[in-house]
Amino acid sequence: MPDRSMTGIFPILSTPFRKDGSVHYEDLERQVEWFVDSGVHGLGIAMASEVYKLTGPERDEVLISVVKTVDGRAKVVMNTGAEGTDVAIFQSKQAQELGADALMVRPPTYVPTVASEVVEYFGRIGEAVSIPIFMQDQSNAQVPPAMAVQCARRHENLCYIKVETPPTVPRTAEAAKLRGDSGLILFGGAGGAFFLEELRRGSVGTMPGSTMPDVWVRIWDLWQRGDQDGAEREFHRYAPIIRTLAQGLGLSNTIYKYVMARRGAISSESIYARSPSLEPDEMQLREVDRLLEEQELV
């Protein structure tokens, strides 16, 4: 039986790259420790980690480093989706062997295919491993609620859905309405922009970016204690920086790392994104500085 107990805050790591493109593993470990010290319940290596820009050996080494550093103190979720079912199965088995607690898989998108083939893709991956899978629903790689329920009924490992296709609030509500006895468990994502609304509609956690694990944990803790008003106040206090960070992975990768460097979670040596990537201009970085200072995050 797959682990169905995962709830709470699961930030997605940012892979720290030096200017020459090499992975800064010391800063990766430092970031993981910061997450764990902040009280997160899990963490992910996924799209916001630029996992799609890593070579095969780098993917393995990053996962090995994260699993070793976490040392059982939080759950580790690894993105193993691919454009081919066999590649996704290979990557999923490898991640399980290297210590991932769960997988995250988005459907293939390069070549459009029919819904039945997407269900088969997920089903075969589910059959190949013995750990739970977060199906990732994104605007450019959609897993509609009805499909997610169908997959959850197809195999018990397909038990989580990360809802990110906007608007996420009605999408979450629809999934909650349709899931019935399928066992499908709902998580939010998309930077946590609608975290509280998603909780009200059946979500049990969120996978935000890497910059504010402490803030997200505080909001979660307030909500869990029944202080929804307090959670709302805490969330809205940081709404300006949440909005700034929700600019898409083409730009936000570098901003995430810049914010973490300002907050002391990584060094200034590893704030770079791998190409291709947009880079924020100096005006935007100064705007970020002002927000961090106003919200007492530095």
# chains A, B, ... in the order shown; residues from 1 in each chain; ligands from 1
>>> residues_around(residues="region 221-223 of chain A", least_positions_apart="6", cutoff="9 Å", atoms="only C-alpha atoms", output="list in words")
Gly8, Leu196, Asp229, Gly230, Ala231, Glu232 and Glu234 of chain A
>>> write_last_selection(atoms="N, CA and C atoms", output="compact mmCIF listing (two decimals), in the first residue's frame")
# COMPACT_ATOMS: atom_id res chain seq x y z
N GLY A 8 0.67 18.85 3.91
CA GLY A 8 1.46 19.98 4.38
C GLY A 8 2.25 20.69 3.30
N LEU A 196 -4.91 28.89 0.25
CA LEU A 196 -6.00 28.81 1.22
C LEU A 196 -7.32 28.44 0.55
N ASP A 229 -8.49 32.81 10.20
CA ASP A 229 -8.28 34.25 10.06
C ASP A 229 -6.80 34.60 10.17
N GLY A 230 -6.11 33.96 11.12
CA GLY A 230 -4.68 34.19 11.28
C GLY A 230 -3.91 33.74 10.05
N ALA A 231 -4.30 32.60 9.49
CA ALA A 231 -3.65 32.10 8.27
C ALA A 231 -3.85 33.08 7.12
N GLU A 232 -5.08 33.63 7.02
CA GLU A 232 -5.36 34.62 5.97
C GLU A 232 -4.49 35.86 6.13
N GLU A 234 -1.61 36.14 7.65
CA GLU A 234 -0.20 35.81 7.36
C GLU A 234 0.02 35.69 5.86
>>> residues_around(residues="region 62-65 of chain A", least_positions_apart="6", cutoff="8 Å", atoms="only C-alpha atoms", output="VMD selection string")
chain A and resid 25 28 to 29 45 78 95 98 to 100
>>> write_last_selection(atoms="N, CA and C atoms", output="PDB file, in the first residue's frame")
ATOM      1  N   TYR A  25      26.829  21.690  -5.188  1.00  0.00           N
ATOM      2  CA  TYR A  25      26.236  20.695  -4.291  1.00  0.00           C
ATOM      3  C   TYR A  25      26.275  21.133  -2.835  1.00  0.00           C
ATOM      4  N   LEU A  28      23.294  23.184  -2.454  1.00  0.00           N
ATOM      5  CA  LEU A  28      22.103  22.333  -2.495  1.00  0.00           C
ATOM      6  C   LEU A  28      21.831  21.736  -1.112  1.00  0.00           C
ATOM      7  N   GLU A  29      22.875  21.216  -0.474  1.00  0.00           N
ATOM      8  CA  GLU A  29      22.725  20.646   0.867  1.00  0.00           C
ATOM      9  C   GLU A  29      22.325  21.731   1.876  1.00  0.00           C
ATOM     10  N   ILE A  45      11.988  17.739  -6.071  1.00  0.00           N
ATOM     11  CA  ILE A  45      12.947  18.040  -7.145  1.00  0.00           C
ATOM     12  C   ILE A  45      12.129  17.948  -8.421  1.00  0.00           C
ATOM     13  N   MET A  78      10.491  13.124  -6.267  1.00  0.00           N
ATOM     14  CA  MET A  78      11.343  13.313  -7.447  1.00  0.00           C
ATOM     15  C   MET A  78      10.511  13.298  -8.717  1.00  0.00           C
ATOM     16  N   ALA A  95      14.756   6.479  -9.464  1.00  0.00           N
ATOM     17  CA  ALA A  95      14.492   7.374  -8.337  1.00  0.00           C
ATOM     18  C   ALA A  95      14.096   6.584  -7.099  1.00  0.00           C
ATOM     19  N   LEU A  98      17.127   5.083  -5.559  1.00  0.00           N
ATOM     20  CA  LEU A  98      18.012   6.085  -4.942  1.00  0.00           C
ATOM     21  C   LEU A  98      17.403   6.730  -3.702  1.00  0.00           C
ATOM     22  N   GLY A  99      16.207   6.311  -3.325  1.00  0.00           N
ATOM     23  CA  GLY A  99      15.670   6.739  -2.040  1.00  0.00           C
ATOM     24  C   GLY A  99      14.524   7.719  -2.054  1.00  0.00           C
ATOM     25  N   ALA A 100      13.964   8.046  -3.229  1.00  0.00           N
ATOM     26  CA  ALA A 100      12.812   8.942  -3.263  1.00  0.00           C
ATOM     27  C   ALA A 100      11.637   8.296  -2.534  1.00  0.00           C
TER      28      ALA A 100
END
>>> closest_residue(among="A:Leu54, A:Val204, A:Ile242, A:Ala102", to="Val76 (chain A)", atoms="only C-alpha atoms")
A:Ala102
>>> atom_distance(atom1="CA of Val23 (chain A)", atom2="CA of Ser210 (chain A)")
16.5 Å
>>> closest_residue(among="A:Ala190, A:His24, A:Pro213, A:Thr109", to="Ser268 (chain A)", atoms="only C-alpha atoms")
A:His24
>>> atom_distance(atom1="CA of Ala48 (chain A)", atom2="CA of Thr15 (chain A)")
8.3 Å
>>> select_by_dssp(residues="region 50-174 of chain A", states="helix (DSSP H, G or I)", output="number ranges by chain")
A: 51-53, 56-70, 85-97, 115-128, 145-154, 168-174
>>> atom_distance(atom1="CA of Glu50 (chain A)", atom2="CA of Val77 (chain A)")
14.4 Å
>>> closest_residue(among="A:Gln295, A:Gln228, A:Gln136, A:Ser270", to="Thr254 (chain A)", atoms="only C-alpha atoms")
A:Ser270
